[in-house]
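Only one structure is covered here, and it is reproduced in the block below.
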4 protein chains.
Amino acid sequence: MTLKVTVWGENVHEQTNEVVARIYPDGMHACIAAALNEDPEIEARSVTLQDPEHGLTEDVLENTEVLLWWGHAAHGEVRDEIVDRVQERVLQGMGLLVLHSGHYAKIFKRLMGTTCSLKWREAGERERLWVVNPGHPIVQGLGDYIELPHTEMYGEPFAVPNPDEVIFISAFEGGEVFRSGLTYKRGNGKIFYFRPGHETYPIYYDEQVRRVLKNAVKWARPEGSRWIDSCPNVPPERAPNPVTAKGEGLHKPGEEGFR
Amino acid sequence: MTLKVTVWGENVHEQTNEVVARIYPDGMHACIAAALNEDPEIEARSVTLQDPEHGLTEDVLENTEVLLWWGHAAHGEVRDEIVDRVQERVLQGMGLLVLHSGHYAKIFKRLMGTTCSLKWREAGERERLWVVNPGHPIVQGLGDYIELPHTEMYGEPFAVPNPDEVIFISAFEGGEVFRSGLTYKRGNGKIFYFRPGHETYPIYYDEQVRRVLKNAVKWARPEGSRWIDSCPNVPPERAPNPVTAKGEGLHKPGEEGFR
Amino acid sequence: MTLKVTVWGENVHEQTNEVVARIYPDGMHACIAAALNEDPEIEARSVTLQDPEHGLTEDVLENTEVLLWWGHAAHGEVRDEIVDRVQERVLQGMGLLVLHSGHYAKIFKRLMGTTCSLKWREAGERERLWVVNPGHPIVQGLGDYIELPHTEMYGEPFAVPNPDEVIFISAFEGGEVFRSGLTYKRGNGKIFYFRPGHETYPIYYDEQVRRVLKNAVKWARPEGSRWIDSCPNVPPERAPNPVTAKGEGLHKPGEEGFR
Amino acid sequence: MTLKVTVWGENVHEQTNEVVARIYPDGMHACIAAALNEDPEIEARSVTLQDPEHGLTEDVLENTEVLLWWGHAAHGEVRDEIVDRVQERVLQGMGLLVLHSGHYAKIFKRLMGTTCSLKWREAGERERLWVVNPGHPIVQGLGDYIELPHTEMYGEPFAVPNPDEVIFISAFEGGEVFRSGLTYKRGNGKIFYFRPGHETYPIYYDEQVRRVLKNAVKWARPEGSRWIDSCPNVPPERAPNPVTAKGEGLHKPGEEGFR
């Protein structure tokens, strides 16, 4: 069965910035979905902020195994009840890939609990994303690093909790560094933050970036079942048998035999 | 210099439940502050939900190094802008001890990013909190475990992120288990969740519980300086010197000598 | 392609203890391999301490994706160069399931770096292994807990590093608790420690225990590629372009256009 | 009471390499101890590989709260029983600072369980160690980064387990990155790996590096008590009272009153 993916795009820069519209005529979200759909195992669609319920209806989320999120200029316009809905699905087991300026998205800040701040500079700098574990599924098909000729710099400190794994660390022309690929587990959901993706550069056409996205949605796919949240008042389970202070009444090794 | 501590109490059960009022005539918050004040290194005060700004004014938080939080019936009445303020201080470096039903407090859910749900049962069961690292500062002065004769049971699954350290694991009469002492770091703030504390039992008079609270506020005290959040647009630092592909121009070992 | 699994058994108790020989006529290792082989996706074989090179030849390890380890009385007889070999394969990506008294196996202590000590008691006590994340792949097919009527008690403190995830926490008749299912990542290898399995009880015939082992070998299977260790002396990569202190020479947003 | 520190130096390069002897006439270990002794709270001594028992007698370790380790050319000459002794003290609570090429020291590999490999290049490159949490005690007194004009490059992948905290990330002239300040907890011991320190450069005279070492020994000092390892066979604790399936016999809330 194909892996069902939804790509959420803010779709604001595409509408208001000529450079962005020229690079991504159908929107970054459509470009990313098309990249994912190159892989026959993946079935990706895209939705935007402007769609009813921001495209993230109960039905869409019910049928999404991994969600990608790109936002920047309009984080505040995402309605809290939609963020609640997405958070619920992540904690149940839906995978989440947070891209670039999505570090300040409500959903990412909600799951991290920190400010997710960083340093930045728009100066078209070269970025080198070094691979930290060459065996990791997310980096399959890459060499020692990905090199992107022009990017928006993000620099440490990156105000996030200590990640479960660091996948990439970047160096920039201007001298900064940044943990540009990070994994987290929240509830039953796997989260991957992936830094590259400034809207005025054709980053989502880069073959290595596209490879990472394909690898990452497969890494993030739910394993197991959904963890449905509850806070139940429970009766006691049948208690273990009582035991006296000195161990009387307990079995000695060898007495039990085969049962 | 004494460690400045603020104990936040919801102060609802104390006003509405005879049993609670009898056990804690001045409120759980005052009982806890009094316990902490037994230690000459600590200077604790208490504030409540009903105080202006829930007692957590900018001035109070500015002068609080560690905050304790007990809430249960009125989590929803805590105003979001006060929660924002507390979260900001924690990320800067203020320590936070979350007690018992505070697992569902807005501030704890905000910092964890998960539901923080659990199983529960009010049946006056005995609880044994086993120590997981006998050398840890939080457990100093304790034996192998703390035993509380009557508690409200909390059972796994406890829907929180994997903690940095597990301090206590509890067993209950009815057969359940629970990670009853957990530490986290968020931003520059240390967080300790400590389970015991159901309002209808005199748990905060227990000498071992009081010892844990004293140890824990000292463990949670800010070290270093405040991490003031910012997301600045920065100019490039003076870059490292250029290097050619084959390493020409770089120094060979031994050439640098003493500088 | 089937998942290639090797089950390593110490095969000492089976030879020297009548009770054990009666419960496990072919050895615990063969019982476990048979359990795994019930699953058509898994292809398991077993080897023992007494085999040449303890059954863990270069060829066997080369063709093992997940290794299970049961040892108790003869940890010291496992040759260090075989432990080196196993550690190398785990760090490359081979999964490792460490069972019961394997907490003191050389390979587990090697990967953990701690003593891995615990408390224990052989008194045939009932154990309840509570599930900590009901959505986790390792616990699929289970209810809220596994109950084993007769086990050897292990109690905290369990002297291991903080795990990546806690899968099970146990309560015992005698009142102790123990983190009985733990996951770790070391290098590119996934490790699962699973507590039950005292040799004088028929634990490896328990359907739920067998289910956990099947789930866990699939969880532990290598994803990605092998991480082959090296410590290379490398020439510099072509450096990023030089940047002046004030950002001159860097591109301004919008100038780059489509590339 | 002063913090008792021991600095362990391999003292091989100082004896065999003219450049090193000229920079560190008394040895790197003595230079580091002198730096630490500038702080009135710290009392540091140094010992070397050539001393009886490598200077790490039972008495010395008994009276060491934090140990620093610099080794490079002679890791294999450190006797295993001395490594056992150091590991035991770390797990009890002694702090450990591992410096530079100590990444390949037996004690560090022992505590990490991984290869601890990395990439390297001796070309006198400039290094910029960026601070990842500006509030952290280890980075007090520093700005946004430490800059070292000439170092030996270390590059990712750094084959270590995911750290508890990342303190510094470095960028090098040649384009590589490296997690150059990492913290771990093993048993009751705090561990800090700090990268800079190649023997042919006067790095341990750098004021900021010396500041980090002072901050780090204070961070690493044992809190609490020693965790003395044991694997005891224990009698059962007096068990919780038995409970029937429907909760009969358990107390209802309000019935307990004040005890």
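A note on labels: chains of the structure tokens are A, B, ... as shown, every chain counts residues from 1, and ligands are counted from 1 in their shown order.
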*Which of range 6-178 of chain D fall in strand (DSSP E or B), as a ChimeraX atom specification*: /D:6-9,42-48,66-70,95-99,119-131,145-155,165-172,177-178
*Could you list the residues in chain B lying within 9 Å of chain A, using only C-alpha atoms, and format the result as an MDAnalysis selection string?*
chainID B and resid 87:88 91 109:122 159:162 173:176 185:187 229:240
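Across the structure, CA of Arg211 in chain D and CA of Arg22 in chain D are spaced 23.0 Å apart.
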_I'd like to know which residues of range 20-85 of chain D are alpha helix (DSSP H) (by DSSP, run on the backbone); could you write them as a PyMOL selection string?_
chain D and resi 20-23+28-37+58-62+80-85
*range 212-224 of chain A surroundings by only C-alpha atoms, 6 Å radius, close-in-sequence under 5 positions cut, as a PyMOL selection string*: (chain A and resi 36+65-66+93-95+138+190) or (chain C and resi 135-137)
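The space between CA of Arg210 in chain B and CA of Pro196 in chain B spans 11.0 Å.
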*Rounded to one decimal place, report the CA of Pro163 in chain B-CA of Pro134 in chain B distance in Å.*
17.6 Å
*Find the spatial neighbours of range 202-208 of chain C, counting only C-alpha atoms, within a cut-off of 9 Å - ignore same-chain residues fewer than 6 positions away - and output them as an MDAnalysis selection string.*
(chainID A and resid 257:259) or (chainID C and resid 20 23:24 28 31:32 35 141:142 146:148 150:151 196)
Let's have the selection written as a PDB file, in the first residue's frame, with N, CA, C and O atoms.
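Output (out_13.pdb):
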```
ATOM      1  N   GLY A 257       8.366 -26.333  37.528  1.00  0.00           N
ATOM      2  CA  GLY A 257       8.354 -27.315  36.440  1.00  0.00           C
ATOM      3  C   GLY A 257       7.702 -26.746  35.203  1.00  0.00           C
ATOM      4  O   GLY A 257       7.671 -25.536  34.991  1.00  0.00           O
ATOM      5  N   PHE A 258       7.191 -27.634  34.405  1.00  0.00           N
ATOM      6  CA  PHE A 258       6.638 -27.222  33.129  1.00  0.00           C
ATOM      7  C   PHE A 258       5.147 -26.926  33.242  1.00  0.00           C
ATOM      8  O   PHE A 258       4.412 -27.684  33.834  1.00  0.00           O
ATOM      9  N   ARG A 259       4.752 -25.757  32.776  1.00  0.00           N
ATOM     10  CA  ARG A 259       3.308 -25.435  32.812  1.00  0.00           C
ATOM     11  C   ARG A 259       2.831 -25.162  31.403  1.00  0.00           C
ATOM     12  O   ARG A 259       3.357 -24.299  30.730  1.00  0.00           O
TER      13      ARG A 259
ATOM     14  N   VAL C  20      15.697 -27.050  33.650  1.00  0.00           N
ATOM     15  CA  VAL C  20      15.827 -26.295  32.403  1.00  0.00           C
ATOM     16  C   VAL C  20      15.771 -27.224  31.192  1.00  0.00           C
ATOM     17  O   VAL C  20      15.098 -26.943  30.200  1.00  0.00           O
ATOM     18  N   ILE C  23      12.235 -28.209  30.430  1.00  0.00           N
ATOM     19  CA  ILE C  23      11.420 -27.151  29.829  1.00  0.00           C
ATOM     20  C   ILE C  23      11.877 -26.878  28.398  1.00  0.00           C
ATOM     21  O   ILE C  23      11.074 -26.685  27.477  1.00  0.00           O
ATOM     22  N   TYR C  24      13.193 -26.861  28.220  1.00  0.00           N
ATOM     23  CA  TYR C  24      13.760 -26.513  26.908  1.00  0.00           C
ATOM     24  C   TYR C  24      14.659 -27.641  26.402  1.00  0.00           C
ATOM     25  O   TYR C  24      15.888 -27.518  26.439  1.00  0.00           O
ATOM     26  N   MET C  28      17.005 -23.004  25.070  1.00  0.00           N
ATOM     27  CA  MET C  28      16.212 -21.764  24.954  1.00  0.00           C
ATOM     28  C   MET C  28      16.400 -21.141  23.581  1.00  0.00           C
ATOM     29  O   MET C  28      15.458 -20.612  22.985  1.00  0.00           O
ATOM     30  N   CYS C  31      14.233 -22.748  21.050  1.00  0.00           N
ATOM     31  CA  CYS C  31      12.830 -22.397  21.305  1.00  0.00           C
ATOM     32  C   CYS C  31      12.549 -21.011  20.759  1.00  0.00           C
ATOM     33  O   CYS C  31      11.540 -20.768  20.091  1.00  0.00           O
ATOM     34  N   ILE C  32      13.441 -20.092  21.017  1.00  0.00           N
ATOM     35  CA  ILE C  32      13.257 -18.718  20.545  1.00  0.00           C
ATOM     36  C   ILE C  32      13.314 -18.656  19.017  1.00  0.00           C
ATOM     37  O   ILE C  32      12.486 -17.997  18.371  1.00  0.00           O
ATOM     38  N   ALA C  35      10.134 -19.869  17.649  1.00  0.00           N
ATOM     39  CA  ALA C  35       9.077 -18.863  17.797  1.00  0.00           C
ATOM     40  C   ALA C  35       9.171 -17.859  16.659  1.00  0.00           C
ATOM     41  O   ALA C  35       8.177 -17.525  16.008  1.00  0.00           O
ATOM     42  N   GLY C 141      -0.292  -6.133  19.174  1.00  0.00           N
ATOM     43  CA  GLY C 141      -0.889  -7.425  19.470  1.00  0.00           C
ATOM     44  C   GLY C 141      -1.002  -7.701  20.961  1.00  0.00           C
ATOM     45  O   GLY C 141      -1.487  -8.764  21.358  1.00  0.00           O
ATOM     46  N   LEU C 142      -0.546  -6.752  21.789  1.00  0.00           N
ATOM     47  CA  LEU C 142      -0.639  -6.914  23.242  1.00  0.00           C
ATOM     48  C   LEU C 142      -1.786  -6.047  23.767  1.00  0.00           C
ATOM     49  O   LEU C 142      -2.231  -5.130  23.086  1.00  0.00           O
ATOM     50  N   ILE C 146       1.506  -7.494  29.833  1.00  0.00           N
ATOM     51  CA  ILE C 146       1.767  -8.944  29.763  1.00  0.00           C
ATOM     52  C   ILE C 146       1.856  -9.403  31.212  1.00  0.00           C
ATOM     53  O   ILE C 146       2.516  -8.762  32.033  1.00  0.00           O
ATOM     54  N   GLU C 147       1.218 -10.528  31.506  1.00  0.00           N
ATOM     55  CA  GLU C 147       1.344 -11.063  32.861  1.00  0.00           C
ATOM     56  C   GLU C 147       2.029 -12.426  32.792  1.00  0.00           C
ATOM     57  O   GLU C 147       1.639 -13.305  32.021  1.00  0.00           O
ATOM     58  N   LEU C 148       3.080 -12.577  33.577  1.00  0.00           N
ATOM     59  CA  LEU C 148       3.806 -13.849  33.637  1.00  0.00           C
ATOM     60  C   LEU C 148       3.685 -14.364  35.063  1.00  0.00           C
ATOM     61  O   LEU C 148       4.061 -13.668  36.014  1.00  0.00           O
ATOM     62  N   HIS C 150       5.139 -16.751  36.830  1.00  0.00           N
ATOM     63  CA  HIS C 150       6.319 -17.079  37.631  1.00  0.00           C
ATOM     64  C   HIS C 150       7.563 -16.577  36.922  1.00  0.00           C
ATOM     65  O   HIS C 150       7.840 -16.956  35.787  1.00  0.00           O
ATOM     66  N   THR C 151       8.282 -15.713  37.618  1.00  0.00           N
ATOM     67  CA  THR C 151       9.503 -15.155  37.034  1.00  0.00           C
ATOM     68  C   THR C 151      10.547 -14.965  38.129  1.00  0.00           C
ATOM     69  O   THR C 151      10.242 -15.074  39.320  1.00  0.00           O
ATOM     70  N   PRO C 196      12.188 -10.442  30.532  1.00  0.00           N
ATOM     71  CA  PRO C 196      11.768 -11.775  30.946  1.00  0.00           C
ATOM     72  C   PRO C 196      12.630 -12.887  30.342  1.00  0.00           C
ATOM     73  O   PRO C 196      13.222 -12.709  29.284  1.00  0.00           O
TER      74      PRO C 196
END
```
Can you pull out every residue within 6 Å of Thr6 in chain B, counting only C-alpha atoms, but drop anything in the same chain fewer than 6 positions away, and send it as a short mmCIF file (atom, residue, chain, number, x, y, z; two decimals) with N, CA and C atoms, in the first residue's frame?
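The resulting file, part_26.cif, is shown below:
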```cif
data_model
loop_
_atom_site.label_atom_id
_atom_site.label_comp_id
_atom_site.auth_asym_id
_atom_site.auth_seq_id
_atom_site.Cartn_x
_atom_site.Cartn_y
_atom_site.Cartn_z
N ALA B 44 11.14 30.69 50.46
CA ALA B 44 9.96 30.36 49.64
C ALA B 44 8.74 31.17 50.05
N ARG B 45 7.99 31.57 49.07
CA ARG B 45 6.69 32.22 49.29
C ARG B 45 5.66 31.45 48.50
N SER B 46 4.38 31.70 48.80
CA SER B 46 3.33 31.04 48.00
C SER B 46 2.37 32.07 47.44
N LEU B 67 10.08 27.68 40.51
CA LEU B 67 8.62 27.74 40.71
C LEU B 67 8.09 26.33 40.90
#
```
_Long-range neighbours of Phe194 in chain B as number ranges by chain, 12 Å cut-off, only C-alpha atoms, 2 positions minimum in chain_ = B: 68-70, 96-103, 108, 129, 138-139, 154, 166-170, 178-184, 191-192, 196-198, 204, 209-210, 212-213, 216-217
*Find the residues near Asp59 in chain C: any atom within 12 Å, counting only C-alpha atoms, skip ones fewer than 2 places away on the same chain, and give them as a ChimeraX atom specification.*
/C:6,53,55-57,61-64,85-86,89
